[in-house]
Amino acid sequence: MHAIGIDIGTTNICLVVIDLQKEILQKKITFANPFIQTSNAWERIQEPQYIISQVKDALDTLIGEYTEIVSIGITGQMHGIVYLNQKGEAISPLYTWQDQRGEKLLGEDATLKEYVETECDGSLASGYGLATHLFNKKYQLVPKDARKICTISDYVAYVLVQKKWDVMHASNAASLGLFDVQKFCFYDTVLDKLDIDKELLPEVVNRMEMVGEYRGIPVAVTIGDNQASFAGSVKNVDSEILINIGTSAQISVLSDQFYKINKSIDVRPYLDGRYLLVGASLCGGCSYQLLEEFFRGYLVAAGYEGKSQFDTMNRLAAQFADFENKLNVSTLFSGTRDDGTMRGSIGNIDLNNFTPGHMIYGFLEGIVRELFDMYQSMEKVSKKHASGLVASGNGIRKNAVMQKIAKEFFGLDLTIPVYEEEAAAGAALVSAECSATV
């Protein structure tokens, strides 16, 4: 028996086939998910119709190759939104979690920021769908025919099953902001105060269920990529923590209780009434990509071919891994959810350590350090001590130096999940479990 998982990532879109009996990833298809180029430096948007077209083509290919497919699970980047019309058609770009119009809005309107922090525990930040919507509403950018808001993974699901609208899992709903995680619903009084049309928002469910079929195969309600990655990566969920480093970076710890820690640490719905404590970096793996673009840009300017520099960077980092006189790099280039005005820095520079290798290693340390700092905040409040560390995401899976750094910071043994493409695999596994109980 097989299950298919789909992950609508920020950089790439991935589909996998999981052999449920052998517990192996049998095949994957991956393709790029480009951004739409705009004149606004703060705008980060993508094309929903391109995503739909690519997903359907790849999905049809897999269905043609494999038999006994019991379910299709879908996950994807959280926080972002797409506007739909009455027919359930996308009438806007995908405003991704990296879009910074929410930061502009909250920076402009101190009264709004204070109100949200007071009335709903600050569950609104740059990149959150309802912060994006409030900006669009303020500047009359909401499409006039907009009737619903959904995440990109929800949109893909309902196009596949040919429904206009139905439900959204709490893991995705919470990512939009202004959501009461303890009651698994949006803050109605806050929505009224901010004049947000509640008809735009979905019916929220906190259970896994099937939303329809695609070519006779049951399709599960979509879940957030963080929750899917946890399900696809961590076997000992009560004792292990997960760090995921790709385009973004998160640290996740399962909890039976709701804890309010700070703005940089979300308390997210999981799949069974439990919670994930999640520290999410606003830059994460993008920091390493930023450095690669810096080196590549210099090569192009010097007249050389602009090939990817990641292999060279990883080799140089390995050479400097045991040096004591390291650079102190903060990779907070987009700030934090606590303070969007914070920026990155490079410190402890002297005449001997201002080298490409030291800088590359410093960037890797900076990415991990931010996650470790978040974990310390979680541990202090929850009193829960982990016994193992699981590392997922291509940013760390393919980088031995970053793995070494993570083990040193956390002081724990590190394991890499069995399944590559953890979010897609997790969506497949969760959908198969859901299908078996229907």
# chains A, B, ... in the order shown; residues from 1 in each chain; ligands from 1
call {"tool": "residues_around", "arguments": {"residues": "segment 23-30 of chain A", "least_positions_apart": "4", "cutoff": "10 Å", "atoms": "only C-alpha atoms", "output": "short mmCIF file (atom, residue, chain, number, x, y, z; two decimals) with all heavy atoms, in the first residue's frame"}}
result
data_model
loop_
_atom_site.label_atom_id
_atom_site.label_comp_id
_atom_site.auth_asym_id
_atom_site.auth_seq_id
_atom_site.Cartn_x
_atom_site.Cartn_y
_atom_site.Cartn_z
N HIS A 2 0.35 2.30 -0.62
CA HIS A 2 1.11 3.54 -0.74
C HIS A 2 0.27 4.74 -0.30
O HIS A 2 -0.96 4.70 -0.33
CB HIS A 2 1.55 3.76 -2.19
CG HIS A 2 2.39 2.66 -2.75
ND1 HIS A 2 1.87 1.62 -3.48
CD2 HIS A 2 3.73 2.44 -2.66
CE1 HIS A 2 2.84 0.80 -3.85
NE2 HIS A 2 3.98 1.27 -3.36
N ALA A 3 0.96 5.78 0.11
CA ALA A 3 0.32 7.08 0.38
C ALA A 3 1.16 8.14 -0.29
O ALA A 3 2.40 8.05 -0.35
CB ALA A 3 0.22 7.34 1.88
N ILE A 4 0.49 9.16 -0.80
CA ILE A 4 1.17 10.27 -1.46
C ILE A 4 1.12 11.49 -0.55
O ILE A 4 0.08 11.81 0.04
CB ILE A 4 0.53 10.60 -2.81
CG1 ILE A 4 0.74 9.44 -3.79
CG2 ILE A 4 1.10 11.89 -3.41
CD1 ILE A 4 0.06 9.63 -5.13
N GLY A 5 2.25 12.17 -0.42
CA GLY A 5 2.31 13.41 0.34
C GLY A 5 2.74 14.56 -0.56
O GLY A 5 3.61 14.40 -1.42
N ILE A 6 2.12 15.71 -0.36
CA ILE A 6 2.42 16.91 -1.14
C ILE A 6 2.80 18.02 -0.18
O ILE A 6 2.08 18.29 0.79
CB ILE A 6 1.20 17.36 -1.98
CG1 ILE A 6 0.72 16.22 -2.88
CG2 ILE A 6 1.53 18.61 -2.80
CD1 ILE A 6 -0.63 16.52 -3.57
N ASP A 7 3.93 18.66 -0.44
CA ASP A 7 4.38 19.78 0.39
C ASP A 7 4.59 21.01 -0.50
O ASP A 7 5.48 21.02 -1.35
CB ASP A 7 5.69 19.42 1.10
CG ASP A 7 6.27 20.59 1.89
OD1 ASP A 7 5.50 21.50 2.25
OD2 ASP A 7 7.50 20.59 2.12
N ASN A 12 10.66 25.17 -2.84
CA ASN A 12 10.35 24.04 -3.72
C ASN A 12 9.01 23.42 -3.35
O ASN A 12 8.53 23.55 -2.22
CB ASN A 12 11.43 22.96 -3.60
CG ASN A 12 12.77 23.43 -4.10
OD1 ASN A 12 12.91 23.87 -5.24
ND2 ASN A 12 13.78 23.36 -3.24
N ILE A 13 8.43 22.75 -4.33
CA ILE A 13 7.23 21.95 -4.13
C ILE A 13 7.64 20.49 -4.29
O ILE A 13 8.40 20.15 -5.20
CB ILE A 13 6.14 22.32 -5.14
CG1 ILE A 13 5.73 23.78 -4.95
CG2 ILE A 13 4.93 21.40 -5.02
CD1 ILE A 13 4.85 24.33 -6.06
N CYS A 14 7.18 19.65 -3.39
CA CYS A 14 7.63 18.26 -3.40
C CYS A 14 6.45 17.31 -3.25
O CYS A 14 5.54 17.54 -2.45
CB CYS A 14 8.62 18.03 -2.26
SG CYS A 14 9.23 16.34 -2.15
N LEU A 15 6.47 16.24 -4.03
CA LEU A 15 5.51 15.14 -3.89
C LEU A 15 6.29 13.87 -3.63
O LEU A 15 7.33 13.62 -4.26
CB LEU A 15 4.67 14.96 -5.15
CG LEU A 15 3.62 16.05 -5.44
CD1 LEU A 15 4.25 17.24 -6.14
CD2 LEU A 15 2.47 15.49 -6.28
N VAL A 16 5.82 13.05 -2.69
CA VAL A 16 6.49 11.79 -2.37
C VAL A 16 5.48 10.65 -2.36
O VAL A 16 4.28 10.85 -2.14
CB VAL A 16 7.20 11.84 -1.00
CG1 VAL A 16 8.24 12.94 -0.98
CG2 VAL A 16 6.20 11.99 0.14
N VAL A 17 6.01 9.45 -2.62
CA VAL A 17 5.23 8.22 -2.46
C VAL A 17 5.88 7.42 -1.33
O VAL A 17 7.08 7.12 -1.38
CB VAL A 17 5.22 7.39 -3.76
CG1 VAL A 17 4.46 6.08 -3.53
CG2 VAL A 17 4.60 8.17 -4.90
N ILE A 18 5.08 7.11 -0.31
CA ILE A 18 5.56 6.32 0.82
C ILE A 18 4.99 4.90 0.73
O ILE A 18 3.78 4.73 0.57
CB ILE A 18 5.12 6.94 2.17
CG1 ILE A 18 5.69 8.35 2.32
CG2 ILE A 18 5.56 6.06 3.33
CD1 ILE A 18 7.17 8.43 2.42
N ASP A 19 5.87 3.91 0.77
CA ASP A 19 5.43 2.52 0.88
C ASP A 19 5.15 2.27 2.35
O ASP A 19 6.06 2.24 3.18
CB ASP A 19 6.53 1.58 0.36
CG ASP A 19 6.08 0.12 0.32
OD1 ASP A 19 5.48 -0.34 1.31
OD2 ASP A 19 6.33 -0.55 -0.69
N GLN A 54 1.49 22.58 -11.64
CA GLN A 54 2.63 21.70 -11.39
C GLN A 54 2.25 20.52 -10.50
O GLN A 54 2.68 19.38 -10.74
CB GLN A 54 3.76 22.51 -10.74
CG GLN A 54 4.36 23.59 -11.63
CD GLN A 54 5.15 23.01 -12.78
OE1 GLN A 54 4.63 22.80 -13.88
NE2 GLN A 54 6.41 22.73 -12.55
N VAL A 55 1.46 20.79 -9.46
CA VAL A 55 1.06 19.73 -8.54
C VAL A 55 0.21 18.68 -9.27
O VAL A 55 0.43 17.46 -9.12
CB VAL A 55 0.30 20.31 -7.34
CG1 VAL A 55 -0.40 19.19 -6.55
CG2 VAL A 55 1.25 21.06 -6.42
N ALA A 58 2.34 16.46 -11.61
CA ALA A 58 3.18 15.52 -10.87
C ALA A 58 2.33 14.44 -10.20
O ALA A 58 2.70 13.26 -10.17
CB ALA A 58 4.01 16.26 -9.83
N LEU A 59 1.19 14.84 -9.65
CA LEU A 59 0.31 13.89 -8.97
C LEU A 59 -0.23 12.86 -9.95
O LEU A 59 -0.27 11.65 -9.65
CB LEU A 59 -0.84 14.66 -8.30
CG LEU A 59 -1.81 13.86 -7.43
CD1 LEU A 59 -1.07 13.10 -6.34
CD2 LEU A 59 -2.85 14.80 -6.83
N THR A 61 1.19 11.85 -12.62
CA THR A 61 2.31 10.96 -12.95
C THR A 61 2.47 9.87 -11.91
O THR A 61 2.61 8.68 -12.24
CB THR A 61 3.62 11.77 -13.06
OG1 THR A 61 3.51 12.70 -14.13
CG2 THR A 61 4.82 10.85 -13.30
N LEU A 62 2.42 10.24 -10.63
CA LEU A 62 2.58 9.27 -9.55
C LEU A 62 1.42 8.28 -9.51
O LEU A 62 1.63 7.07 -9.30
CB LEU A 62 2.72 9.98 -8.21
CG LEU A 62 3.96 10.85 -8.04
CD1 LEU A 62 3.94 11.55 -6.68
CD2 LEU A 62 5.24 10.03 -8.19
N TYR A 66 1.88 4.06 -9.60
CA TYR A 66 1.73 3.24 -8.40
C TYR A 66 0.29 2.80 -8.19
O TYR A 66 -0.65 3.54 -8.49
CB TYR A 66 2.22 4.01 -7.16
CG TYR A 66 3.71 4.25 -7.18
CD1 TYR A 66 4.23 5.41 -7.76
CD2 TYR A 66 4.58 3.32 -6.64
CE1 TYR A 66 5.60 5.64 -7.79
CE2 TYR A 66 5.95 3.54 -6.67
CZ TYR A 66 6.46 4.70 -7.25
OH TYR A 66 7.80 4.90 -7.30
N VAL A 418 14.34 9.13 8.98
CA VAL A 418 14.40 8.10 7.94
C VAL A 418 13.94 8.67 6.61
O VAL A 418 14.56 8.43 5.56
CB VAL A 418 13.51 6.89 8.33
CG1 VAL A 418 13.44 5.90 7.18
CG2 VAL A 418 14.04 6.24 9.59
N TYR A 419 12.85 9.42 6.65
CA TYR A 419 12.28 9.95 5.41
C TYR A 419 12.90 11.29 5.04
O TYR A 419 12.95 12.21 5.87
CB TYR A 419 10.77 10.14 5.55
CG TYR A 419 10.00 8.87 5.82
CD1 TYR A 419 9.37 8.66 7.04
CD2 TYR A 419 9.89 7.89 4.85
CE1 TYR A 419 8.66 7.50 7.29
CE2 TYR A 419 9.18 6.72 5.09
CZ TYR A 419 8.57 6.53 6.31
OH TYR A 419 7.87 5.38 6.56
N GLU A 420 13.38 11.40 3.82
CA GLU A 420 13.70 12.72 3.30
C GLU A 420 12.40 13.43 2.97
O GLU A 420 11.35 12.82 2.89
CB GLU A 420 14.57 12.60 2.05
CG GLU A 420 15.98 12.08 2.32
CD GLU A 420 16.86 12.18 1.09
OE1 GLU A 420 16.61 13.06 0.25
OE2 GLU A 420 17.78 11.35 0.97
N GLU A 421 12.49 14.73 2.75
CA GLU A 421 11.28 15.53 2.48
C GLU A 421 10.27 15.27 3.60
O GLU A 421 9.17 14.77 3.39
CB GLU A 421 10.70 15.21 1.11
CG GLU A 421 11.69 15.36 -0.03
CD GLU A 421 12.23 16.78 -0.18
OE1 GLU A 421 11.65 17.70 0.40
OE2 GLU A 421 13.24 16.94 -0.88
N ALA A 424 6.43 16.47 3.46
CA ALA A 424 5.62 15.70 2.52
C ALA A 424 5.39 14.28 3.04
O ALA A 424 4.27 13.75 2.95
CB ALA A 424 6.29 15.66 1.15
N ALA A 425 6.44 13.67 3.61
CA ALA A 425 6.29 12.33 4.16
C ALA A 425 5.33 12.33 5.34
O ALA A 425 4.48 11.43 5.48
CB ALA A 425 7.66 11.79 4.59
N LEU A 429 1.87 10.16 5.78
CA LEU A 429 1.64 9.23 6.90
C LEU A 429 0.38 9.59 7.69
O LEU A 429 -0.40 8.71 8.06
CB LEU A 429 2.86 9.24 7.84
CG LEU A 429 4.16 8.70 7.23
CD1 LEU A 429 5.33 8.96 8.18
CD2 LEU A 429 4.05 7.22 6.92
#
call {"tool": "select_by_dssp", "arguments": {"residues": "segment 79-117 of chain A", "states": "strand (DSSP E)", "output": "list in words"}}
result
Val82, Tyr83, Leu84, Leu94 and Tyr95 of chain A
call {"tool": "residues_around", "arguments": {"residues": "segment 293-295 of chain A", "least_positions_apart": "4", "cutoff": "10 Å", "atoms": "only C-alpha atoms", "output": "list in words"}}
result
Ser287, Tyr288, Gln289, Leu299, Val300, Gly306, Ser308, Gln309, Phe310, Met313 and Pro356 of chain A
call {"tool": "residues_around", "arguments": {"residues": "Gly76 of chain A", "least_positions_apart": "5", "cutoff": "10 Å", "atoms": "only C-alpha atoms", "output": "list in words"}}
result
Ile6, Asp7, Ile8, Gly9, Thr10, Ile13, Cys14, Thr151, Ile152, Ser153, Asp154, Val156, Asn172, Thr222, Ile223, Gly224, Asp225, Asn226, Ala228, Ala423, Ala424 and Ala427 of chain A
call {"tool": "write_last_selection", "arguments": {"atoms": "N, CA and C atoms", "output": "short mmCIF file (atom, residue, chain, number, x, y, z; two decimals), in the first residue's frame"}}
result
data_model
loop_
_atom_site.label_atom_id
_atom_site.label_comp_id
_atom_site.auth_asym_id
_atom_site.auth_seq_id
_atom_site.Cartn_x
_atom_site.Cartn_y
_atom_site.Cartn_z
N ILE A 6 2.12 15.71 -0.36
CA ILE A 6 2.42 16.91 -1.14
C ILE A 6 2.80 18.02 -0.18
N ASP A 7 3.93 18.66 -0.44
CA ASP A 7 4.38 19.78 0.39
C ASP A 7 4.59 21.01 -0.50
N ILE A 8 3.76 22.04 -0.29
CA ILE A 8 3.88 23.29 -1.05
C ILE A 8 4.86 24.18 -0.30
N GLY A 9 6.14 23.98 -0.53
CA GLY A 9 7.15 24.73 0.19
C GLY A 9 7.36 26.12 -0.39
N THR A 10 8.18 26.89 0.31
CA THR A 10 8.45 28.26 -0.14
C THR A 10 9.41 28.28 -1.32
N ILE A 13 8.43 22.75 -4.33
CA ILE A 13 7.23 21.95 -4.13
C ILE A 13 7.64 20.49 -4.29
N CYS A 14 7.18 19.65 -3.39
CA CYS A 14 7.63 18.26 -3.40
C CYS A 14 6.45 17.31 -3.25
N THR A 151 -5.03 29.13 3.12
CA THR A 151 -3.61 28.91 2.88
C THR A 151 -3.44 28.28 1.51
N ILE A 152 -2.22 28.24 1.02
CA ILE A 152 -1.99 27.66 -0.30
C ILE A 152 -2.25 26.17 -0.31
N SER A 153 -1.95 25.46 0.79
CA SER A 153 -2.21 24.02 0.81
C SER A 153 -3.70 23.72 0.82
N ASP A 154 -4.49 24.55 1.52
CA ASP A 154 -5.94 24.38 1.49
C ASP A 154 -6.48 24.60 0.08
N VAL A 156 -4.93 24.14 -2.77
CA VAL A 156 -4.59 22.98 -3.59
C VAL A 156 -5.54 21.82 -3.30
N ASN A 172 -3.40 25.07 10.44
CA ASN A 172 -3.31 26.13 9.43
C ASN A 172 -4.03 27.40 9.89
N THR A 222 -5.76 19.46 5.00
CA THR A 222 -4.35 19.80 5.01
C THR A 222 -3.91 20.25 6.40
N ILE A 223 -2.63 20.07 6.67
CA ILE A 223 -2.07 20.47 7.96
C ILE A 223 -0.85 21.35 7.71
N GLY A 224 -0.46 22.10 8.74
CA GLY A 224 0.70 22.97 8.64
C GLY A 224 1.98 22.20 8.40
N ASP A 225 2.93 22.81 7.70
CA ASP A 225 4.16 22.10 7.38
C ASP A 225 4.99 21.78 8.62
N ASN A 226 4.90 22.63 9.62
CA ASN A 226 5.63 22.35 10.86
C ASN A 226 5.10 21.09 11.53
N ALA A 228 3.40 18.70 10.06
CA ALA A 228 3.68 17.57 9.17
C ALA A 228 5.13 17.11 9.31
N ALA A 423 8.26 16.97 5.56
CA ALA A 423 6.91 17.51 5.60
C ALA A 423 5.98 16.74 4.68
N ALA A 424 6.43 16.47 3.46
CA ALA A 424 5.62 15.70 2.52
C ALA A 424 5.39 14.28 3.04
N ALA A 427 2.84 14.40 5.88
CA ALA A 427 1.48 14.56 5.37
C ALA A 427 0.94 13.25 4.83
#
call {"tool": "residues_around", "arguments": {"residues": "Glu117 of chain A", "least_positions_apart": "5", "cutoff": "12 Å", "atoms": "only C-alpha atoms", "output": "PyMOL selection string"}}
result
chain A and resi 106+110-112+122-125+177-178+190+262-263+338
call {"tool": "residues_around", "arguments": {"residues": "segment 374-381 of chain A", "least_positions_apart": "5", "cutoff": "9 Å", "atoms": "only C-alpha atoms", "output": "ChimeraX atom specification"}}
result
/A:251-253,259-262,264-265,277-280,369,386,410
call {"tool": "write_last_selection", "arguments": {"atoms": "all heavy atoms", "output": "CSV table (one decimal), in the first residue's frame"}}
result
chain,number,residue,atom,x,y,z
A,251,ILE,N,12.2,25.3,15.7
A,251,ILE,CA,12.5,24.3,16.7
A,251,ILE,C,11.1,24.0,17.3
A,251,ILE,O,10.3,24.8,17.7
A,251,ILE,CB,13.5,24.7,17.8
A,251,ILE,CG1,13.7,23.6,18.9
A,251,ILE,CG2,13.1,26.1,18.5
A,251,ILE,CD1,14.9,23.8,19.7
A,252,SER,N,10.8,22.6,17.5
A,252,SER,CA,9.5,22.2,17.9
A,252,SER,C,9.6,21.2,19.1
A,252,SER,O,10.4,20.3,19.0
A,252,SER,CB,8.8,21.5,16.7
A,252,SER,OG,8.7,22.4,15.6
A,253,VAL,N,8.8,21.4,20.1
A,253,VAL,CA,8.7,20.6,21.2
A,253,VAL,C,7.3,20.2,21.5
A,253,VAL,O,6.4,21.2,21.6
A,253,VAL,CB,9.4,21.2,22.5
A,253,VAL,CG1,9.3,20.3,23.7
A,253,VAL,CG2,10.8,21.6,22.2
A,259,TYR,N,1.4,26.8,27.0
A,259,TYR,CA,2.3,27.7,27.7
A,259,TYR,C,2.5,29.0,26.9
A,259,TYR,O,2.7,28.9,25.7
A,259,TYR,CB,3.7,27.1,27.8
A,259,TYR,CG,3.8,25.9,28.8
A,259,TYR,CD1,3.9,24.6,28.2
A,259,TYR,CD2,3.7,26.0,30.1
A,259,TYR,CE1,3.9,23.5,29.0
A,259,TYR,CE2,3.8,24.9,31.0
A,259,TYR,CZ,3.9,23.6,30.4
A,259,TYR,OH,4.0,22.5,31.2
A,260,LYS,N,2.4,30.1,27.5
A,260,LYS,CA,2.7,31.3,26.9
A,260,LYS,C,4.0,31.7,27.3
A,260,LYS,O,4.3,32.0,28.5
A,260,LYS,CB,1.6,32.4,27.3
A,260,LYS,CG,1.8,33.7,26.6
A,260,LYS,CD,1.7,33.6,25.1
A,260,LYS,CE,1.9,34.9,24.4
A,260,LYS,NZ,1.9,34.8,22.9
A,261,ILE,N,5.0,31.8,26.3
A,261,ILE,CA,6.4,32.1,26.7
A,261,ILE,C,6.8,33.5,26.2
A,261,ILE,O,7.0,34.4,27.0
A,261,ILE,CB,7.3,31.0,26.0
A,261,ILE,CG1,6.9,29.6,26.6
A,261,ILE,CG2,8.7,31.3,26.3
A,261,ILE,CD1,7.6,28.5,26.0
A,262,ASN,N,6.8,33.8,24.9
A,262,ASN,CA,7.1,35.1,24.4
A,262,ASN,C,6.6,35.1,22.9
A,262,ASN,O,6.1,34.1,22.4
A,262,ASN,CB,8.6,35.5,24.5
A,262,ASN,CG,9.5,34.5,23.8
A,262,ASN,OD1,9.2,34.1,22.7
A,262,ASN,ND2,10.6,34.2,24.5
A,264,SER,N,8.2,35.2,20.2
A,264,SER,CA,9.0,34.5,19.2
A,264,SER,C,8.7,33.0,19.3
A,264,SER,O,9.1,32.2,18.4
A,264,SER,CB,10.5,34.7,19.5
A,264,SER,OG,10.9,36.0,19.1
A,265,ILE,N,7.9,32.6,20.3
A,265,ILE,CA,7.6,31.1,20.4
A,265,ILE,C,6.1,31.0,20.3
A,265,ILE,O,5.3,31.4,21.2
A,265,ILE,CB,8.2,30.6,21.8
A,265,ILE,CG1,9.7,30.7,21.8
A,265,ILE,CG2,7.7,29.1,21.9
A,265,ILE,CD1,10.3,30.3,23.1
A,277,LEU,N,5.2,23.5,20.9
A,277,LEU,CA,5.9,24.8,21.2
A,277,LEU,C,6.9,25.0,20.1
A,277,LEU,O,7.8,24.2,19.9
A,277,LEU,CB,6.6,24.7,22.6
A,277,LEU,CG,5.7,24.3,23.8
A,277,LEU,CD1,6.6,24.3,25.0
A,277,LEU,CD2,4.5,25.2,23.9
A,278,VAL,N,6.8,26.1,19.4
A,278,VAL,CA,7.5,26.3,18.2
A,278,VAL,C,8.2,27.6,18.2
A,278,VAL,O,7.6,28.7,18.3
A,278,VAL,CB,6.7,26.2,16.9
A,278,VAL,CG1,7.5,26.4,15.7
A,278,VAL,CG2,5.9,24.9,16.9
A,279,GLY,N,9.5,27.6,18.1
A,279,GLY,CA,10.3,28.8,17.9
A,279,GLY,C,10.6,28.9,16.5
A,279,GLY,O,11.3,28.0,15.9
A,280,ALA,N,10.2,30.0,15.8
A,280,ALA,CA,10.4,30.1,14.4
A,280,ALA,C,11.2,31.4,14.1
A,280,ALA,O,10.9,32.5,14.5
A,280,ALA,CB,9.0,30.3,13.7
A,369,ARG,N,22.3,29.0,16.8
A,369,ARG,CA,22.2,29.7,18.1
A,369,ARG,C,20.8,30.3,18.4
A,369,ARG,O,20.3,30.2,19.5
A,369,ARG,CB,23.2,30.8,18.2
A,369,ARG,CG,23.2,31.6,19.6
A,369,ARG,CD,24.2,32.7,19.6
A,369,ARG,NE,25.5,32.3,19.4
A,369,ARG,CZ,26.3,32.5,18.3
A,369,ARG,NH1,25.7,33.2,17.3
A,369,ARG,NH2,27.5,32.2,18.3
A,386,ALA,N,14.7,17.5,27.1
A,386,ALA,CA,14.8,16.5,26.0
A,386,ALA,C,15.9,15.6,26.2
A,386,ALA,O,16.9,15.9,26.8
A,386,ALA,CB,14.9,17.3,24.7
A,410,PHE,N,23.2,21.9,21.7
A,410,PHE,CA,22.2,21.3,22.5
A,410,PHE,C,22.7,20.2,23.5
A,410,PHE,O,22.0,19.9,24.4
A,410,PHE,CB,21.1,20.7,21.6
A,410,PHE,CG,20.2,21.7,20.9
A,410,PHE,CD1,20.6,22.3,19.7
A,410,PHE,CD2,19.0,22.0,21.5
A,410,PHE,CE1,19.8,23.2,19.1
A,410,PHE,CE2,18.2,22.9,20.9
A,410,PHE,CZ,18.6,23.5,19.7
call {"tool": "residues_around", "arguments": {"residues": "Ser435 of chain A", "least_positions_apart": "6", "cutoff": "12 Å", "atoms": "only C-alpha atoms", "output": "list in words"}}
result
His2, Ala3, Ile69, Val70, Ser71, Ile72, Gly73, Met208, Glu209, Met210, Val211, Gly212, Glu213, Ile217, Pro218, Val219, Ala220, Val221, Ala428 and Leu429 of chain A
call {"tool": "closest_residue", "arguments": {"among": "A:Leu412, A:Leu105, A:Leu327, A:Met359", "to": "Phe372 of chain A", "atoms": "only C-alpha atoms"}}
result
A:Leu412
